[in-house]
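Engineer: Input: one structure, supplied below.
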Amino acid sequence: MFHLRSRRRLGLAVPVVLSLTASLGFLPSAASAAPAAASTAPAADGPSLAYVVNTATGHRTVASVRKAVTANGGSIVATYDRIGVLVVHSSNPDFGRKMRAVRGVQSAGATRTAPLGAAGTTDEGAVQVLSKAQAAKLAQRSASGQEPLEADQWDLRAIGADKAARINPGSRSVTVGVIDTGVDDTHPDIAPNFSAAQSANCVSGKADTTYGAWRPVDADHYHGTHVAGEIAAARNGTGVAGVAPGVKVASITVAQPDSTQLFYPESVVCAFVFAADHGVEITNNSYYVDPWLYNCMDDPDQRAIVDAVNRAQLYAQRKGTLNVASAGNSNDDLDVRALVDESSPDDSTPVTRTVDPHKCFDVPTQLPGVVTVSATGVKGAKSYYSSYGKGVVDVAGPGGDRYQIPDTPSQNGRILSTLPNGQYGFLQGTSMASPHVAAVAALLKSTHPRATPARLQTLLKAQADNPGCPTDPYDGDGDGVVDATCVGGKRVNGFYGSGIVNALRAVR
């Protein structure tokens with residue numbers, strides 16, 4: 001069920017922020033959110049599920065709720081005191097309802113619809129692995145001063161990243177945290193810039209910093225390694241180059257280790273808190289939180305998911321972390337009042353439903369302050385799969401497009417980057433666009449080290465190049481059918497937000 005932004009994902013608009021703030025009715029206080037020790041609870045009658053329990057902050061309230069969790073048949077995995085989020089396992093089928101009645105509890109609900117042990121991502125289509133023979137042939141085509149495979153990296157040149165690297169490749173004091181399927185830090189292009197001290201495995205909802213725990217469990221969990229290479233693959237005479245080859249990259253693993261690779265809320269809560277508490281300046285989020293593509297506020301379980309993840313990402317922002325996320329690959333106009341969701345819940349049996357994205361939120365990318373990214377191809381046009389929407393998309397970045405063919409040795413319109421076990425391969429998707437933006441944000445942070453997350457977002461928009469809405473009807477796949485309608489002007493529009501990010505401008 002590999003959904004690392006492989007399906008749709010929405011973004012942030014001002015009305016959404018206001019609606020979300022009003023719906024949740026809180027802004028959690030900032031402070032240390034370190035998890036407390038785990039406790040145990042008696043088993044109950046149903047299958048074991050994971051829950052988030054969200055409380056008012058304060059030592060007495062949290063302590064009281066912890067006791068109630070145990071009394072109602074829950075086992076506490078982690079307690080993030082200062083944001084008031086408890087990660088709990090329980091086999092009591094009535095656990096959520098009972099906890100919502102506990103004094104001090106603001107929301108509580110199951111984070112999945114299938115039993116424990118049975119989020120996803122946003123790449124579009126299968127990976128195309130570059131063979132050793134292809135890599136060797138490509139290396140012969142690289143120009144002086146380029147990395148061996150850089151001739152196929154049209155995306156670097158599209159945003160001036162190749163020129164930017166000669167001016168400022170990024171600061172070693174800036175780290176981008178890849179919240180994903182894990183990163184292979186032994187890869188020769190990633191190892192020079194990898195920060196083990198800022199990496200962890202958050203799959204359980206509690207950070208595991210055991211050495212190597214952040215790595216992908218197998219080569220099929222390649223998504224995070226590809227993203228990490230796009231951001232910070234070193235210019236070391238090997239393979240490819242990242243957009244910000246001088247910054248550090250960390251891995252915070254949140255994907256389930258099985259073939260589903262689902263990204264559950266408790267894992268993402270842990271990831272945002274860990275990133276914030278370990279000095280990560282920027283996070284990349286190329287996924288939506290499972291099991292719901294949209295989390296509707298009139299459902300108690302889905303409301304609790306929005307509440308918990310929002311507390312964690314707001315905590316990260318207050319600690320100085322900018323969160324960047326992908327816009328999804330359904331080619332949906334996200335500035336509408338009704339969308340059909342046929343994929344949720346994705347951990348059991350999906351049920352077709354019509355949702356209003358102003359009331360049912362894609363998490364984390366529709367949350368306040370998160371930078372929403374659409375994808376473009378080599379021609380600078382919106383990628384055929386990329387979702388869009390005026391007031392939703394903040395900026396755009398190269399994500400690849402198999403219909404926009406570059407003048408490169410491989411003539412492959414996708415994005416070339418690192419894969420586990422020292423390999424390289426092509427992927428396309430808003431999953432690939434988001435790390436380009438995260439990397440440019442890292443360059444901006446390197447140039448403006450005192451910039452807050454809000455200031456970085458402003459700078460991202462200010463330095464972007466906006467091609468404006470296309471003058472001809474948009475037909476992304478060339479089949480003669482109009483696929484999307486762009487609304488807006490040259491300054492801000494639904495396809496590109498404030499424009500396509502520019503690495504060269506970011507370092508000048």
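Note on naming: chains are A, B, ... as they come in the structure tokens, residues start from 1 per chain, ligands start from 1 in the order shown.
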Based on the backbone DSSP call, show me all residues of region 224-445 of chain A assigned alpha helix (DSSP H), as a PyMOL selection string.
Structural biologist: chain A and resi 224-232+265-277+300-318+430-445
Engineer: What parts of region 151-386 of chain A does DSSP call strand (DSSP E)? I'd like the answer as a tab-separated table (two decimals) with N, CA, C and O atoms, in the first residue's frame.
Structural biologist:
chain	number	residue	atom	x	y	z
A	175	THR	N	20.46	21.52	9.20
A	175	THR	CA	20.10	20.11	8.97
A	175	THR	C	18.67	20.02	8.46
A	175	THR	O	17.77	20.67	8.99
A	176	VAL	N	18.48	19.21	7.42
A	176	VAL	CA	17.14	18.89	6.93
A	176	VAL	C	16.80	17.48	7.39
A	176	VAL	O	17.52	16.52	7.10
A	177	GLY	N	15.71	17.34	8.13
A	177	GLY	CA	15.26	16.04	8.60
A	177	GLY	C	14.31	15.42	7.59
A	177	GLY	O	13.30	16.02	7.24
A	178	VAL	N	14.63	14.22	7.13
A	178	VAL	CA	13.80	13.50	6.17
A	178	VAL	C	12.88	12.56	6.94
A	178	VAL	O	13.29	11.51	7.42
A	179	ILE	N	11.62	12.97	7.12
A	179	ILE	CA	10.61	12.15	7.80
A	179	ILE	C	10.02	11.22	6.74
A	179	ILE	O	9.24	11.64	5.90
A	180	ASP	N	10.42	9.94	6.79
A	180	ASP	CA	10.16	9.10	5.62
A	180	ASP	C	10.33	7.62	5.96
A	180	ASP	O	10.15	7.21	7.10
A	200	ALA	N	16.62	9.09	14.03
A	200	ALA	CA	15.96	8.15	14.92
A	200	ALA	C	14.92	7.34	14.15
A	200	ALA	O	14.59	7.66	13.00
A	201	ASN	N	14.41	6.32	14.80
A	201	ASN	CA	13.28	5.55	14.29
A	201	ASN	C	12.09	5.84	15.18
A	201	ASN	O	12.12	5.59	16.38
A	248	LYS	N	23.58	19.38	6.17
A	248	LYS	CA	23.46	18.03	6.71
A	248	LYS	C	22.04	17.50	6.50
A	248	LYS	O	21.10	18.28	6.36
A	249	VAL	N	21.93	16.19	6.49
A	249	VAL	CA	20.63	15.55	6.34
A	249	VAL	C	20.50	14.49	7.42
A	249	VAL	O	21.47	13.81	7.77
A	250	ALA	N	19.31	14.39	8.00
A	250	ALA	CA	19.03	13.41	9.04
A	250	ALA	C	17.85	12.54	8.61
A	250	ALA	O	17.04	12.94	7.77
A	251	SER	N	17.75	11.35	9.19
A	251	SER	CA	16.67	10.42	8.88
A	251	SER	C	15.81	10.19	10.11
A	251	SER	O	16.32	9.80	11.17
A	252	ILE	N	14.52	10.47	9.99
A	252	ILE	CA	13.56	10.14	11.04
A	252	ILE	C	12.54	9.19	10.41
A	252	ILE	O	11.66	9.60	9.66
A	253	THR	N	12.70	7.91	10.71
A	253	THR	CA	11.91	6.87	10.06
A	253	THR	C	10.53	6.76	10.70
A	253	THR	O	10.43	6.64	11.92
A	282	ILE	N	14.82	22.19	9.27
A	282	ILE	CA	13.79	22.00	8.23
A	282	ILE	C	13.44	20.52	8.19
A	282	ILE	O	14.32	19.66	8.30
A	283	THR	N	12.15	20.21	8.05
A	283	THR	CA	11.75	18.82	7.79
A	283	THR	C	11.11	18.73	6.42
A	283	THR	O	10.45	19.65	5.95
A	284	ASN	N	11.34	17.58	5.77
A	284	ASN	CA	10.66	17.28	4.51
A	284	ASN	C	9.64	16.19	4.76
A	284	ASN	O	9.94	15.15	5.35
A	285	ASN	N	8.43	16.41	4.26
A	285	ASN	CA	7.31	15.51	4.50
A	285	ASN	C	6.63	15.15	3.18
A	285	ASN	O	5.69	15.82	2.75
A	295	ASN	N	-8.90	13.91	6.96
A	295	ASN	CA	-9.36	13.70	8.32
A	295	ASN	C	-10.46	14.71	8.63
A	295	ASN	O	-10.20	15.91	8.74
A	296	CYS	N	-11.69	14.20	8.75
A	296	CYS	CA	-12.86	15.08	8.92
A	296	CYS	C	-13.09	15.37	10.39
A	296	CYS	O	-13.10	14.46	11.23
A	322	LEU	N	11.12	24.66	10.15
A	322	LEU	CA	10.20	24.87	9.02
A	322	LEU	C	9.82	23.51	8.46
A	322	LEU	O	10.70	22.69	8.16
A	323	ASN	N	8.53	23.27	8.30
A	323	ASN	CA	8.04	21.99	7.77
A	323	ASN	C	7.55	22.17	6.34
A	323	ASN	O	6.70	23.01	6.06
A	324	VAL	N	8.10	21.36	5.44
A	324	VAL	CA	7.79	21.43	4.01
A	324	VAL	C	7.13	20.12	3.60
A	324	VAL	O	7.58	19.04	4.00
A	325	ALA	N	6.07	20.19	2.78
A	325	ALA	CA	5.33	18.98	2.43
A	325	ALA	C	4.83	19.02	0.99
A	325	ALA	O	4.66	20.08	0.39
A	326	SER	N	4.56	17.84	0.45
A	326	SER	CA	4.17	17.68	-0.95
A	326	SER	C	2.66	17.81	-1.13
A	326	SER	O	1.88	17.55	-0.23
A	339	LEU	N	-14.51	16.83	-2.90
A	339	LEU	CA	-13.61	15.89	-3.55
A	339	LEU	C	-14.04	14.47	-3.17
A	339	LEU	O	-14.52	14.24	-2.06
A	340	VAL	N	-13.84	13.54	-4.07
A	340	VAL	CA	-14.17	12.15	-3.79
A	340	VAL	C	-12.93	11.43	-3.29
A	340	VAL	O	-11.88	11.44	-3.94
A	341	ASP	N	-13.05	10.81	-2.12
A	341	ASP	CA	-11.97	10.02	-1.53
A	341	ASP	C	-12.39	8.56	-1.60
A	341	ASP	O	-13.32	8.14	-0.91
A	353	ARG	N	-16.25	8.18	-0.22
A	353	ARG	CA	-16.93	9.28	0.46
A	353	ARG	C	-16.59	10.59	-0.23
A	353	ARG	O	-15.52	10.72	-0.85
A	354	THR	N	-17.47	11.56	-0.15
A	354	THR	CA	-17.23	12.89	-0.67
A	354	THR	C	-16.90	13.81	0.50
A	354	THR	O	-17.65	13.84	1.49
A	355	VAL	N	-15.79	14.53	0.40
A	355	VAL	CA	-15.34	15.36	1.51
A	355	VAL	C	-15.14	16.79	1.05
A	355	VAL	O	-14.88	17.06	-0.13
A	360	CYS	N	-12.25	18.78	6.03
A	360	CYS	CA	-11.59	17.48	6.16
A	360	CYS	C	-10.15	17.66	5.68
A	360	CYS	O	-9.92	17.95	4.50
A	361	PHE	N	-9.19	17.49	6.60
A	361	PHE	CA	-7.83	17.96	6.36
A	361	PHE	C	-6.86	16.84	6.01
A	361	PHE	O	-6.84	15.78	6.66
A	371	VAL	N	4.65	24.43	4.53
A	371	VAL	CA	4.83	24.88	3.15
A	371	VAL	C	4.34	23.79	2.20
A	371	VAL	O	4.83	22.66	2.21
A	372	THR	N	3.36	24.12	1.36
A	372	THR	CA	2.74	23.18	0.43
A	372	THR	C	3.37	23.31	-0.95
A	372	THR	O	3.44	24.42	-1.50
A	373	VAL	N	3.79	22.18	-1.55
A	373	VAL	CA	4.60	22.20	-2.77
A	373	VAL	C	3.94	21.41	-3.90
A	373	VAL	O	3.61	20.23	-3.73
A	374	SER	N	3.78	22.06	-5.05
A	374	SER	CA	3.35	21.36	-6.27
A	374	SER	C	4.58	21.03	-7.10
A	374	SER	O	5.68	21.50	-6.84
A	375	ALA	N	4.37	20.20	-8.14
A	375	ALA	CA	5.50	19.69	-8.93
A	375	ALA	C	5.49	20.24	-10.35
A	375	ALA	O	4.44	20.47	-10.94
A	376	THR	N	6.71	20.39	-10.89
A	376	THR	CA	6.90	20.84	-12.27
A	376	THR	C	7.85	19.90	-13.00
A	376	THR	O	8.60	19.14	-12.39
Engineer: Suppose you want the space between CA of Asp162 (chain A) and CA of Asn502 (chain A); what is it in Å?
Structural biologist: 11.0 Å
Engineer: Produce a table with one row for each residue of region 290-378 of chain A that has an atom at most 12 Å from any atom of region 382-402 of chain A, each row naming the nearest atom pair and its distance in Å at one decimal; use only C-alpha atoms; arrange rows by chain and rising residue number; format as a Markdown table.
Structural biologist:
| residue | atom | partner | partner_atom | distance |
| --- | --- | --- | --- | --- |
| A:Val324 | CA | A:Asp394 | CA | 10.0 |
| A:Ala325 | CA | A:Asp394 | CA | 10.2 |
| A:Ser326 | CA | A:Val393 | CA | 9.3 |
| A:Ala327 | CA | A:Ser387 | CA | 5.9 |
| A:Gly328 | CA | A:Ser387 | CA | 5.5 |
| A:Asn329 | CA | A:Ser386 | CA | 4.6 |
| A:Ser330 | CA | A:Ser387 | CA | 5.6 |
| A:Asn331 | CA | A:Ser387 | CA | 4.0 |
| A:Asp332 | CA | A:Ser387 | CA | 4.6 |
| A:Asp333 | CA | A:Gly389 | CA | 5.0 |
| A:Leu334 | CA | A:Gly389 | CA | 4.8 |
| A:Asp335 | CA | A:Gly389 | CA | 5.0 |
| A:Val336 | CA | A:Gly389 | CA | 8.3 |
| A:Arg337 | CA | A:Gly389 | CA | 11.8 |
| A:Pro357 | CA | A:Val392 | CA | 10.5 |
| A:His358 | CA | A:Val392 | CA | 10.5 |
| A:Asp362 | CA | A:Val392 | CA | 11.6 |
| A:Thr365 | CA | A:Val392 | CA | 9.8 |
| A:Gln366 | CA | A:Val392 | CA | 8.3 |
| A:Leu367 | CA | A:Val392 | CA | 11.0 |
| A:Pro368 | CA | A:Val392 | CA | 11.3 |
| A:Gly369 | CA | A:Asp394 | CA | 10.3 |
| A:Val370 | CA | A:Asp394 | CA | 9.1 |
| A:Val371 | CA | A:Asp394 | CA | 6.1 |
| A:Thr372 | CA | A:Val393 | CA | 5.1 |
| A:Val373 | CA | A:Ala396 | CA | 5.0 |
| A:Ser374 | CA | A:Ala396 | CA | 4.6 |
| A:Ala375 | CA | A:Gly399 | CA | 4.7 |
| A:Thr376 | CA | A:Lys382 | CA | 4.4 |
| A:Gly377 | CA | A:Gly400 | CA | 4.7 |
| A:Val378 | CA | A:Gly400 | CA | 7.0 |
Engineer: Between A:Val363, A:Leu116, A:Ala271, A:Val77, which is the closest to Asp307 (chain A) once you count only C-alpha atoms?
Structural biologist: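 Closest residue, counting only C-alpha atoms: A:Val363.
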Engineer: How far is it from CA of Ser173 (chain A) to CA of Val247 (chain A), in Å with one decimal?
Structural biologist: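 So the two atoms, CA of Ser173 (chain A) and CA of Val247 (chain A), lie 7.1 Å apart.
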Engineer: Name the closest residue to Val127 (chain A) among the candidates A:Lys379, A:His221, A:Lys461, A:Arg66; distances are taken between atoms, counting only C-alpha atoms.
Structural biologist: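 Among the listed residues, the smallest separation from Val127 (chain A) belongs to A:His221.
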Engineer: In Å to one decimal, how far is CA of Tyr222 (chain A) from CA of Ala439 (chain A)?
Structural biologist: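 Calculated distance between CA of Ala439 (chain A) and CA of Tyr222 (chain A) is 19.0 Å.
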Engineer: For Val88 (chain A), find every residue with an atom within 7 Å (counting only C-alpha atoms), except residues of its own chain fewer than 3 positions away, and show them as a PyMOL selection string.
Structural biologist: chain A and resi 50-52+74-77
Engineer: Can I get the selected residues back with N, CA, C and O atoms, as a short mmCIF file (atom, residue, chain, number, x, y, z; two decimals), in the first residue's frame?
Structural biologist:
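What landed in selection06.cif:
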data_model
loop_
_atom_site.label_atom_id
_atom_site.label_comp_id
_atom_site.auth_asym_id
_atom_site.auth_seq_id
_atom_site.Cartn_x
_atom_site.Cartn_y
_atom_site.Cartn_z
N ALA A 50 -3.93 1.33 18.11
CA ALA A 50 -3.18 2.48 18.61
C ALA A 50 -4.11 3.68 18.71
O ALA A 50 -5.02 3.85 17.89
N TYR A 51 -3.88 4.52 19.71
CA TYR A 51 -4.68 5.72 19.94
C TYR A 51 -3.77 6.91 20.22
O TYR A 51 -2.63 6.75 20.67
N VAL A 52 -4.30 8.10 19.95
CA VAL A 52 -3.72 9.32 20.50
C VAL A 52 -4.74 9.93 21.44
O VAL A 52 -5.94 9.98 21.14
N GLY A 74 -5.70 0.83 28.79
CA GLY A 74 -4.71 1.32 27.84
C GLY A 74 -3.29 1.11 28.31
O GLY A 74 -3.02 1.09 29.52
N SER A 75 -2.37 0.96 27.38
CA SER A 75 -0.95 0.84 27.68
C SER A 75 -0.24 2.03 27.04
O SER A 75 -0.30 2.23 25.82
N ILE A 76 0.43 2.85 27.85
CA ILE A 76 1.05 4.08 27.36
C ILE A 76 2.39 3.77 26.70
O ILE A 76 3.29 3.21 27.33
N VAL A 77 2.51 4.16 25.43
CA VAL A 77 3.76 3.99 24.69
C VAL A 77 4.68 5.17 24.94
O VAL A 77 5.88 5.02 25.18
#
Engineer: Can you pull out the residues contacting Val309 (chain A)? Cut-off 8 Å, using only C-alpha atoms, and skip same-chain residues under 5 positions away; I want them as a PDB file with N, CA, C and O atoms, in the first residue's frame.
Structural biologist:
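After the write, part_34.pdb holds the following:
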ATOM      1  N   PRO A 265      -0.196   8.241  12.568  1.00  0.00           N
ATOM      2  CA  PRO A 265      -0.090   9.528  13.268  1.00  0.00           C
ATOM      3  C   PRO A 265       0.897   9.534  14.425  1.00  0.00           C
ATOM      4  O   PRO A 265       1.647  10.499  14.600  1.00  0.00           O
ATOM      5  N   GLU A 266       0.891   8.482  15.236  1.00  0.00           N
ATOM      6  CA  GLU A 266       1.776   8.488  16.399  1.00  0.00           C
ATOM      7  C   GLU A 266       3.242   8.531  15.978  1.00  0.00           C
ATOM      8  O   GLU A 266       4.081   9.119  16.666  1.00  0.00           O
ATOM      9  N   VAL A 268       4.389  10.061  13.266  1.00  0.00           N
ATOM     10  CA  VAL A 268       4.655  11.420  12.784  1.00  0.00           C
ATOM     11  C   VAL A 268       4.726  12.412  13.948  1.00  0.00           C
ATOM     12  O   VAL A 268       5.551  13.330  13.942  1.00  0.00           O
ATOM     13  N   VAL A 269       3.875  12.238  14.963  1.00  0.00           N
ATOM     14  CA  VAL A 269       3.972  13.071  16.169  1.00  0.00           C
ATOM     15  C   VAL A 269       5.374  12.953  16.760  1.00  0.00           C
ATOM     16  O   VAL A 269       6.043  13.950  17.057  1.00  0.00           O
ATOM     17  N   VAL A 363      -3.278  15.658   6.352  1.00  0.00           N
ATOM     18  CA  VAL A 363      -2.299  15.893   7.423  1.00  0.00           C
ATOM     19  C   VAL A 363      -0.978  15.236   7.043  1.00  0.00           C
ATOM     20  O   VAL A 363      -0.964  14.089   6.603  1.00  0.00           O
ATOM     21  N   PRO A 364       0.166  15.948   7.172  1.00  0.00           N
ATOM     22  CA  PRO A 364       0.328  17.246   7.831  1.00  0.00           C
ATOM     23  C   PRO A 364       0.247  18.445   6.901  1.00  0.00           C
ATOM     24  O   PRO A 364       0.358  19.580   7.345  1.00  0.00           O
TER      25      PRO A 364
END
Engineer: Using only C-alpha atoms for the distances, tell me which of A:Ala381, A:Ile305, A:Asp407, A:Asp472 is nearest to Tyr496 (chain A).
Structural biologist: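 Closest to Tyr496 (chain A) of all the choices is A:Ala381.
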Engineer: Which residue gives the smallest distance to Asn168 (chain A) among A:Val507, A:Ala275, A:Ser267, A:Thr418, with only C-alpha atoms counted?
Structural biologist: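 Among A:Val507, A:Ala275, A:Ser267, A:Thr418, it is A:Val507 that comes nearest to Asn168 (chain A).
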Engineer: Rank A:Leu456, A:Val351, A:Val203, A:Val240 by their smallest atom-to-atom distance to Leu293 (chain A), using only C-alpha atoms, and report the top residue only.
Structural biologist: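 Using only C-alpha atoms, Leu293 (chain A) sits closest to A:Val351.
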Engineer: Using only C-alpha atoms, can you tell me which of A:Lys359, A:Gly58, A:Gln404, A:Pro245 comes closest to Ala338 (chain A)?
Structural biologist: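 With only C-alpha atoms as the atom set, the closest residue is A:Lys359.
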